[in-house]
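Heads up, start23.pdb below (PDB, C-alpha atoms, pLDDT in the B column):
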ATOM      1  CA  MET A   1      89.542-104.789  47.112  1.00 95.00           C
ATOM      2  CA  LEU A   2      86.672-106.591  48.824  1.00 97.00           C
ATOM      3  CA  VAL A   3      85.805-110.012  47.377  1.00 97.00           C
ATOM      4  CA  VAL A   4      82.162-111.036  47.893  1.00 97.00           C
ATOM      5  CA  ASP A   5      81.309-114.649  47.070  1.00 96.00           C
ATOM      6  CA  ASP A   6      79.693-117.513  48.967  1.00 95.00           C
ATOM      7  CA  HIS A   7      82.259-120.010  47.599  1.00 94.00           C
ATOM      8  CA  PRO A   8      85.582-120.050  49.496  1.00 94.00           C
ATOM      9  CA  VAL A   9      87.410-121.376  46.427  1.00 92.00           C
ATOM     10  CA  VAL A  10      86.494-118.202  44.490  1.00 92.00           C
ATOM     11  CA  ARG A  11      87.480-115.885  47.341  1.00 94.00           C
ATOM     12  CA  ASP A  12      90.796-117.699  47.848  1.00 93.00           C
ATOM     13  CA  GLY A  13      91.436-117.940  44.102  1.00 91.00           C
ATOM     14  CA  VAL A  14      91.026-114.210  43.536  1.00 92.00           C
ATOM     15  CA  SER A  15      93.260-113.433  46.533  1.00 90.00           C
ATOM     16  CA  LEU A  16      95.981-115.765  45.209  1.00 89.00           C
ATOM     17  CA  LEU A  17      95.715-114.312  41.733  1.00 87.00           C
ATOM     18  CA  LEU A  18      96.164-110.750  42.926  1.00 86.00           C
ATOM     19  CA  ARG A  19      98.766-111.267  45.647  1.00 84.00           C
ATOM     20  CA  TYR A  20     101.685-110.358  43.355  1.00 79.00           C
ATOM     21  CA  ASP A  21     100.015-107.294  41.887  1.00 81.00           C
ATOM     22  CA  PRO A  22     101.154-104.193  43.806  1.00 80.00           C
ATOM     23  CA  ALA A  23      98.164-102.176  42.586  1.00 78.00           C
ATOM     24  CA  MET A  24      95.617-104.696  43.887  1.00 86.00           C
ATOM     25  CA  THR A  25      95.315-105.619  47.532  1.00 90.00           C
ATOM     26  CA  VAL A  26      92.497-107.792  48.847  1.00 94.00           C
ATOM     27  CA  VAL A  27      91.563-106.111  52.135  1.00 95.00           C
ATOM     28  CA  GLY A  28      88.726-108.457  53.000  1.00 96.00           C
ATOM     29  CA  SER A  29      86.026-110.849  51.881  1.00 96.00           C
ATOM     30  CA  ALA A  30      82.361-111.561  52.572  1.00 97.00           C
ATOM     31  CA  GLU A  31      80.033-114.519  51.981  1.00 96.00           C
ATOM     32  CA  THR A  32      76.670-112.749  51.992  1.00 97.00           C
ATOM     33  CA  GLY A  33      75.149-109.513  50.765  1.00 97.00           C
ATOM     34  CA  ARG A  34      74.531-108.223  54.278  1.00 97.00           C
ATOM     35  CA  SER A  35      78.095-108.844  55.421  1.00 97.00           C
ATOM     36  CA  ALA A  36      79.378-107.278  52.172  1.00 98.00           C
ATOM     37  CA  ILE A  37      77.466-104.054  52.857  1.00 97.00           C
ATOM     38  CA  ARG A  38      78.718-103.966  56.440  1.00 97.00           C
ATOM     39  CA  ARG A  39      82.351-104.732  55.527  1.00 97.00           C
ATOM     40  CA  ALA A  40      82.395-102.222  52.663  1.00 98.00           C
ATOM     41  CA  GLY A  41      81.322 -99.544  55.142  1.00 96.00           C
ATOM     42  CA  GLU A  42      84.132-100.550  57.524  1.00 97.00           C
ATOM     43  CA  LEU A  43      86.962-101.197  55.039  1.00 97.00           C
ATOM     44  CA  LYS A  44      86.142 -98.596  52.344  1.00 97.00           C
ATOM     45  CA  PRO A  45      87.700-100.629  49.493  1.00 97.00           C
ATOM     46  CA  ALA A  46      88.309 -98.887  46.165  1.00 96.00           C
ATOM     47  CA  LEU A  47      86.908-101.938  44.376  1.00 97.00           C
ATOM     48  CA  ILE A  48      84.279-104.563  45.222  1.00 98.00           C
ATOM     49  CA  LEU A  49      84.154-107.839  43.282  1.00 97.00           C
ATOM     50  CA  LEU A  50      80.583-109.059  43.781  1.00 97.00           C
ATOM     51  CA  ASP A  51      79.104-112.458  42.985  1.00 95.00           C
ATOM     52  CA  LEU A  52      75.848-112.077  41.025  1.00 91.00           C
ATOM     53  CA  ARG A  53      74.095-114.749  43.089  1.00 90.00           C
ATOM     54  CA  LEU A  54      74.406-114.616  46.865  1.00 93.00           C
ATOM     55  CA  PRO A  55      72.358-116.737  49.279  1.00 93.00           C
ATOM     56  CA  ASP A  56      70.632-113.893  51.115  1.00 95.00           C
ATOM     57  CA  MET A  57      70.105-110.992  48.696  1.00 92.00           C
ATOM     58  CA  LEU A  58      69.718-110.232  44.997  1.00 89.00           C
ATOM     59  CA  ALA A  59      72.635-108.403  43.385  1.00 90.00           C
ATOM     60  CA  PRO A  60      70.671-105.143  42.747  1.00 91.00           C
ATOM     61  CA  GLU A  61      69.767-105.005  46.475  1.00 93.00           C
ATOM     62  CA  VAL A  62      73.395-105.567  47.473  1.00 96.00           C
ATOM     63  CA  ILE A  63      74.574-102.915  45.019  1.00 95.00           C
ATOM     64  CA  ALA A  64      72.039-100.404  46.377  1.00 93.00           C
ATOM     65  CA  GLY A  65      73.283-101.130  49.911  1.00 95.00           C
ATOM     66  CA  LEU A  66      76.947-100.829  48.893  1.00 96.00           C
ATOM     67  CA  ARG A  67      76.277 -97.495  47.192  1.00 93.00           C
ATOM     68  CA  ARG A  68      74.673 -96.232  50.398  1.00 94.00           C
ATOM     69  CA  THR A  69      77.422 -97.352  52.780  1.00 95.00           C
ATOM     70  CA  HIS A  70      80.395 -96.729  50.472  1.00 96.00           C
ATOM     71  CA  PRO A  71      79.396 -94.537  47.493  1.00 93.00           C
ATOM     72  CA  SER A  72      82.936 -94.141  46.112  1.00 95.00           C
ATOM     73  CA  GLY A  73      83.585 -97.909  45.854  1.00 96.00           C
ATOM     74  CA  ARG A  74      83.547 -99.281  42.308  1.00 96.00           C
ATOM     75  CA  ILE A  75      81.542-102.484  41.916  1.00 97.00           C
ATOM     76  CA  VAL A  76      82.282-105.281  39.455  1.00 96.00           C
ATOM     77  CA  VAL A  77      79.814-108.162  39.214  1.00 95.00           C
ATOM     78  CA  PHE A  78      81.524-111.557  38.941  1.00 94.00           C
ATOM     79  CA  THR A  79      79.352-114.377  37.636  1.00 91.00           C
ATOM     80  CA  ALA A  80      79.558-117.921  36.348  1.00 87.00           C
ATOM     81  CA  HIS A  81      76.372-117.409  34.324  1.00 76.00           C
ATOM     82  CA  GLY A  82      75.783-115.032  31.433  1.00 68.00           C
ATOM     83  CA  ASP A  83      72.382-114.323  33.036  1.00 62.00           C
ATOM     84  CA  HIS A  84      71.313-111.413  30.850  1.00 66.00           C
ATOM     85  CA  GLN A  85      68.454-110.171  33.015  1.00 74.00           C
ATOM     86  CA  GLY A  86      70.448-110.493  36.236  1.00 81.00           C
ATOM     87  CA  VAL A  87      73.471-108.737  34.768  1.00 85.00           C
ATOM     88  CA  ARG A  88      71.376-105.951  33.241  1.00 82.00           C
ATOM     89  CA  ALA A  89      69.587-105.435  36.556  1.00 84.00           C
ATOM     90  CA  ALA A  90      72.959-105.242  38.332  1.00 88.00           C
ATOM     91  CA  LEU A  91      74.337-102.736  35.812  1.00 87.00           C
ATOM     92  CA  ASP A  92      71.123-100.688  36.011  1.00 84.00           C
ATOM     93  CA  SER A  93      71.526-100.639  39.806  1.00 87.00           C
ATOM     94  CA  GLY A  94      74.933 -99.012  39.517  1.00 89.00           C
ATOM     95  CA  ALA A  95      77.538-101.745  38.985  1.00 93.00           C
ATOM     96  CA  HIS A  96      80.580-100.477  37.063  1.00 92.00           C
ATOM     97  CA  GLY A  97      81.259-103.712  35.216  1.00 91.00           C
ATOM     98  CA  CYS A  98      80.569-107.418  34.863  1.00 93.00           C
ATOM     99  CA  LEU A  99      83.002-110.276  34.247  1.00 92.00           C
ATOM    100  CA  LEU A 100      82.541-114.007  33.808  1.00 90.00           C
ATOM    101  CA  LYS A 101      84.319-116.248  36.298  1.00 90.00           C
ATOM    102  CA  ASP A 102      86.146-118.185  33.591  1.00 88.00           C
ATOM    103  CA  VAL A 103      88.024-115.015  32.560  1.00 85.00           C
ATOM    104  CA  ALA A 104      91.799-115.537  32.268  1.00 81.00           C
ATOM    105  CA  GLY A 105      93.763-114.225  35.251  1.00 82.00           C
ATOM    106  CA  THR A 106      95.613-111.575  33.261  1.00 82.00           C
ATOM    107  CA  ASP A 107      92.345-110.419  31.663  1.00 86.00           C
ATOM    108  CA  LEU A 108      90.712-110.161  35.095  1.00 89.00           C
ATOM    109  CA  VAL A 109      93.515-107.956  36.415  1.00 89.00           C
ATOM    110  CA  ALA A 110      93.452-105.783  33.262  1.00 89.00           C
ATOM    111  CA  ALA A 111      89.659-105.383  33.493  1.00 91.00           C
ATOM    112  CA  LEU A 112      89.789-104.471  37.191  1.00 93.00           C
ATOM    113  CA  ARG A 113      92.458-101.860  36.461  1.00 91.00           C
ATOM    114  CA  GLN A 114      90.189-100.358  33.772  1.00 91.00           C
ATOM    115  CA  VAL A 115      87.298-100.119  36.233  1.00 92.00           C
ATOM    116  CA  LEU A 116      89.541 -98.421  38.795  1.00 91.00           C
ATOM    117  CA  LYS A 117      90.413 -95.860  36.106  1.00 89.00           C
ATOM    118  CA  GLY A 118      86.731 -95.026  35.748  1.00 88.00           C
ATOM    119  CA  GLU A 119      85.835 -97.174  32.741  1.00 86.00           C
ATOM    120  CA  ARG A 120      82.857 -99.521  32.497  1.00 84.00           C
ATOM    121  CA  VAL A 121      83.866-103.065  31.558  1.00 87.00           C
ATOM    122  CA  VAL A 122      81.411-105.791  30.515  1.00 87.00           C
ATOM    123  CA  ASP A 123      82.564-109.160  29.178  1.00 84.00           C
ATOM    124  CA  PRO A 124      81.511-109.158  25.489  1.00 73.00           C
ATOM    125  CA  ARG A 125      80.247-112.740  25.826  1.00 75.00           C
ATOM    126  CA  ILE A 126      77.440-111.642  28.137  1.00 77.00           C
ATOM    127  CA  PHE A 127      75.504-109.604  25.563  1.00 70.00           C
ATOM    128  CA  PRO A 128      76.545-111.073  22.196  1.00 58.00           C
ATOM    129  CA  ASP A 129      73.190-110.190  20.658  1.00 59.00           C
ATOM    130  CA  ASP A 130      73.319-106.461  21.411  1.00 60.00           C
ATOM    131  CA  GLY A 131      74.002-105.713  17.731  1.00 57.00           C
ATOM    132  CA  ARG A 132      70.887-107.609  16.699  1.00 61.00           C
ATOM    133  CA  ARG A 133      68.923-105.831  19.418  1.00 64.00           C
ATOM    134  CA  SER A 134      70.039-102.443  18.059  1.00 64.00           C
ATOM    135  CA  ASP A 135      68.750-103.451  14.605  1.00 70.00           C
ATOM    136  CA  ALA A 136      65.445-104.606  16.112  1.00 74.00           C
ATOM    137  CA  LEU A 137      65.200-101.329  18.031  1.00 76.00           C
ATOM    138  CA  ALA A 138      65.703 -99.323  14.836  1.00 75.00           C
ATOM    139  CA  ARG A 139      62.971-101.342  13.075  1.00 82.00           C
ATOM    140  CA  SER A 140      60.518-100.915  15.971  1.00 85.00           C
ATOM    141  CA  GLY A 141      60.739 -97.130  15.915  1.00 87.00           C
ATOM    142  CA  LEU A 142      61.144 -97.047  19.715  1.00 87.00           C
ATOM    143  CA  THR A 143      63.417 -94.405  21.157  1.00 84.00           C
ATOM    144  CA  ARG A 144      66.127 -95.457  23.636  1.00 78.00           C
ATOM    145  CA  ARG A 145      64.083 -94.054  26.525  1.00 83.00           C
ATOM    146  CA  GLU A 146      60.900 -95.852  25.445  1.00 89.00           C
ATOM    147  CA  TYR A 147      62.880 -99.077  25.150  1.00 87.00           C
ATOM    148  CA  GLU A 148      64.495 -98.570  28.573  1.00 85.00           C
ATOM    149  CA  VAL A 149      61.124 -97.983  30.258  1.00 90.00           C
ATOM    150  CA  LEU A 150      59.619-101.029  28.512  1.00 91.00           C
ATOM    151  CA  ARG A 151      62.618-103.186  29.505  1.00 87.00           C
ATOM    152  CA  LEU A 152      62.223-102.226  33.174  1.00 88.00           C
ATOM    153  CA  ALA A 153      58.481-102.943  32.932  1.00 91.00           C
ATOM    154  CA  ALA A 154      59.390-106.383  31.542  1.00 89.00           C
ATOM    155  CA  GLN A 155      61.456-106.939  34.692  1.00 84.00           C
ATOM    156  CA  GLY A 156      58.264-106.449  36.696  1.00 87.00           C
ATOM    157  CA  GLN A 157      58.879-102.882  37.850  1.00 89.00           C
ATOM    158  CA  THR A 158      55.872-100.627  38.460  1.00 93.00           C
ATOM    159  CA  ASN A 159      55.736 -97.079  37.061  1.00 94.00           C
ATOM    160  CA  PRO A 160      56.882 -95.530  40.399  1.00 94.00           C
ATOM    161  CA  GLU A 161      59.784 -98.026  40.550  1.00 91.00           C
ATOM    162  CA  ILE A 162      60.758 -97.254  36.945  1.00 89.00           C
ATOM    163  CA  ALA A 163      60.657 -93.538  37.782  1.00 89.00           C
ATOM    164  CA  GLU A 164      63.020 -94.147  40.696  1.00 86.00           C
ATOM    165  CA  SER A 165      65.382 -96.335  38.607  1.00 78.00           C
ATOM    166  CA  THR A 166      65.632 -93.854  35.726  1.00 80.00           C
ATOM    167  CA  GLY A 167      65.281 -90.528  37.542  1.00 81.00           C
ATOM    168  CA  LEU A 168      62.250 -89.654  35.408  1.00 84.00           C
ATOM    169  CA  ALA A 169      58.983 -88.171  36.660  1.00 90.00           C
ATOM    170  CA  ARG A 170      56.133 -90.701  37.026  1.00 93.00           C
ATOM    171  CA  ASN A 171      54.053 -88.938  34.382  1.00 94.00           C
ATOM    172  CA  THR A 172      57.015 -89.056  31.989  1.00 93.00           C
ATOM    173  CA  VAL A 173      57.365 -92.806  32.554  1.00 94.00           C
ATOM    174  CA  LYS A 174      53.663 -93.219  31.795  1.00 95.00           C
ATOM    175  CA  THR A 175      54.033 -91.160  28.595  1.00 95.00           C
ATOM    176  CA  TYR A 176      57.026 -93.204  27.393  1.00 94.00           C
ATOM    177  CA  LEU A 177      55.197 -96.444  28.140  1.00 94.00           C
ATOM    178  CA  GLN A 178      52.054 -95.328  26.297  1.00 95.00           C
ATOM    179  CA  SER A 179      54.160 -94.253  23.319  1.00 94.00           C
ATOM    180  CA  ALA A 180      55.932 -97.655  23.291  1.00 93.00           C
ATOM    181  CA  LEU A 181      52.551 -99.443  23.412  1.00 94.00           C
ATOM    182  CA  HIS A 182      51.291 -97.359  20.482  1.00 94.00           C
ATOM    183  CA  LYS A 183      54.397 -98.057  18.354  1.00 93.00           C
ATOM    184  CA  LEU A 184      54.232-101.787  19.086  1.00 93.00           C
ATOM    185  CA  GLY A 185      50.470-101.927  18.403  1.00 93.00           C
ATOM    186  CA  ALA A 186      49.801-103.257  21.915  1.00 94.00           C
ATOM    187  CA  ARG A 187      46.776-102.636  24.137  1.00 93.00           C
ATOM    188  CA  ASN A 188      48.517-103.054  27.492  1.00 93.00           C
ATOM    189  CA  ARG A 189      51.979-103.535  28.974  1.00 88.00           C
ATOM    190  CA  VAL A 190      51.745-107.355  29.018  1.00 91.00           C
ATOM    191  CA  GLU A 191      50.963-107.413  25.290  1.00 93.00           C
ATOM    192  CA  ALA A 192      53.722-104.849  24.635  1.00 92.00           C
ATOM    193  CA  ILE A 193      56.281-106.983  26.486  1.00 89.00           C
ATOM    194  CA  GLY A 194      55.192-110.018  24.472  1.00 90.00           C
ATOM    195  CA  LYS A 195      55.491-108.161  21.165  1.00 89.00           C
ATOM    196  CA  ALA A 196      58.847-106.641  22.122  1.00 87.00           C
ATOM    197  CA  SER A 197      60.106-110.097  23.020  1.00 84.00           C
ATOM    198  CA  GLU A 198      58.936-111.543  19.695  1.00 84.00           C
ATOM    199  CA  ALA A 199      60.704-108.690  17.894  1.00 81.00           C
ATOM    200  CA  GLY A 200      63.991-109.596  19.607  1.00 78.00           C
ATOM    201  CA  LEU A 201      64.016-106.489  21.798  1.00 79.00           C
ATOM    202  CA  LEU A 202      63.942-108.252  25.176  1.00 72.00           C
TER
END

Entire entry expressed as structure tokens:
Amino acid sequence: MLVVDDHPVVRDGVSLLLRYDPAMTVVGSAETGRSAIRRAGELKPALILLDLRLPDMLAPEVIAGLRRTHPSGRIVVFTAHGDHQGVRAALDSGAHGCLLKDVAGTDLVAALRQVLKGERVVDPRIFPDDGRRSDALARSGLTRREYEVLRLAAQGQTNPEIAESTGLARNTVKTYLQSALHKLGARNRVEAIGKASEAGLL
């Protein structure tokens, strides 16, 4: 495993925690996104534990770089903050899980083992309102795809960027967005984002 965090105490702590686990070996660490991408390419770790907030790059950028240099590595975001937008952006970029840094040691090891087995693990405390959001989504009449496109627009992505993120054609993105606007009774994307936020969707 590669541990990526700009705080030595976190890197050392994770290494100490895992030293007696035969299935988990820390092969290296990195303090920045750039060094993480480089080291992942060199070391080819099965698992990468990645801090959500690094000094030089945003997590989605780091994840994109890691997926280029070491596509088979499984990435788990490790954060002290239940930063919903940041975590969602990281998961949308291809992270395989997200854990809070105050997780108990045994829970951390169990979660990492699950990710290695191919499961996606997200600490339930990060998105406690997902049930309420599902209810709000049902009331709004938006489909999952319309909601996804609107959510990415709310993150500031342009239509071409949304197309790239979702694998949809640009015209399809435009159609979904227009449909979402119509259902929300909004005249433009800014108004739609505002109404979706008021409805508890964002």

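Between Arg74 in chain A and the residues A:Pro124, A:Gly97, A:Pro8, A:Gly41, the shortest atom-to-atom distance, using all atoms listed in the file, involves A:Gly97.
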
List as number ranges by chain the protein and nucleic acid residues near Val87 in chain A, meaning an atom at most 8 Å away when all atoms listed in the file are counted, but skip any in the same chain fewer than 6 places from it. A: 52, 77, 98

Just say which residues the PyMOL selection byres ((chain A and resi 153-162) around 10) picks in this file, as a PyMOL selection string. chain A and resi 85-86+89+147-152+163-174+177+189-190+192-194+196-197+202

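Nearest residue to Leu50 in chain A, choosing from A:Val9, A:His70, A:Val3, A:Tyr20 and counting all atoms listed in the file: A:Val3.
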
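The smallest atom-to-atom distance between Ala64 in chain A and any of A:Gly105, A:Gly141, A:Gly33, A:Gly94, using all atoms listed in the file, is found for A:Gly94.
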
Selection dump of the PyMOL selection byres ((chain A and resi 37) around 12), as a VMD selection string: chain A and resid 2 to 4 29 to 36 38 to 45 48 50 57 59 61 to 71 73 75

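Atom pair CA of Glu146 in chain A / CA of Ala180 in chain A has a distance of 5.7 Å (rounded to one decimal).
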
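Among the candidate residues A:Met24, A:Asp5, A:Arg187, A:Leu201, the one lying nearest to Leu116 in chain A is A:Met24, with distances computed using only C-alpha atoms.
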
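Minimum atom-to-atom distances from A:Leu137, A:Ala46, A:Val76, A:Ala90 to Leu58 in chain A were compared using only C-alpha atoms, and the lowest value belongs to A:Ala90.
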
In Å, how far is it from CA of Lys101 in chain A to CA of Phe78 in chain A? 6.1 Å

Given only C-alpha atoms as the counted atoms, nearest of A:Arg125, A:Arg19, A:His96, A:Arg139 to Leu112 in chain A: A:His96

Work out how far apart CA of Asn188 in chain A and CA of Arg145 in chain A are and give it in Å to one decimal. 18.0 Å

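Note on the selection: in this file the PyMOL selection byres ((chain A and resi 27) around 7) comes out as A:Met1, A:Leu2, A:Thr25, A:Val26, A:Gly28.
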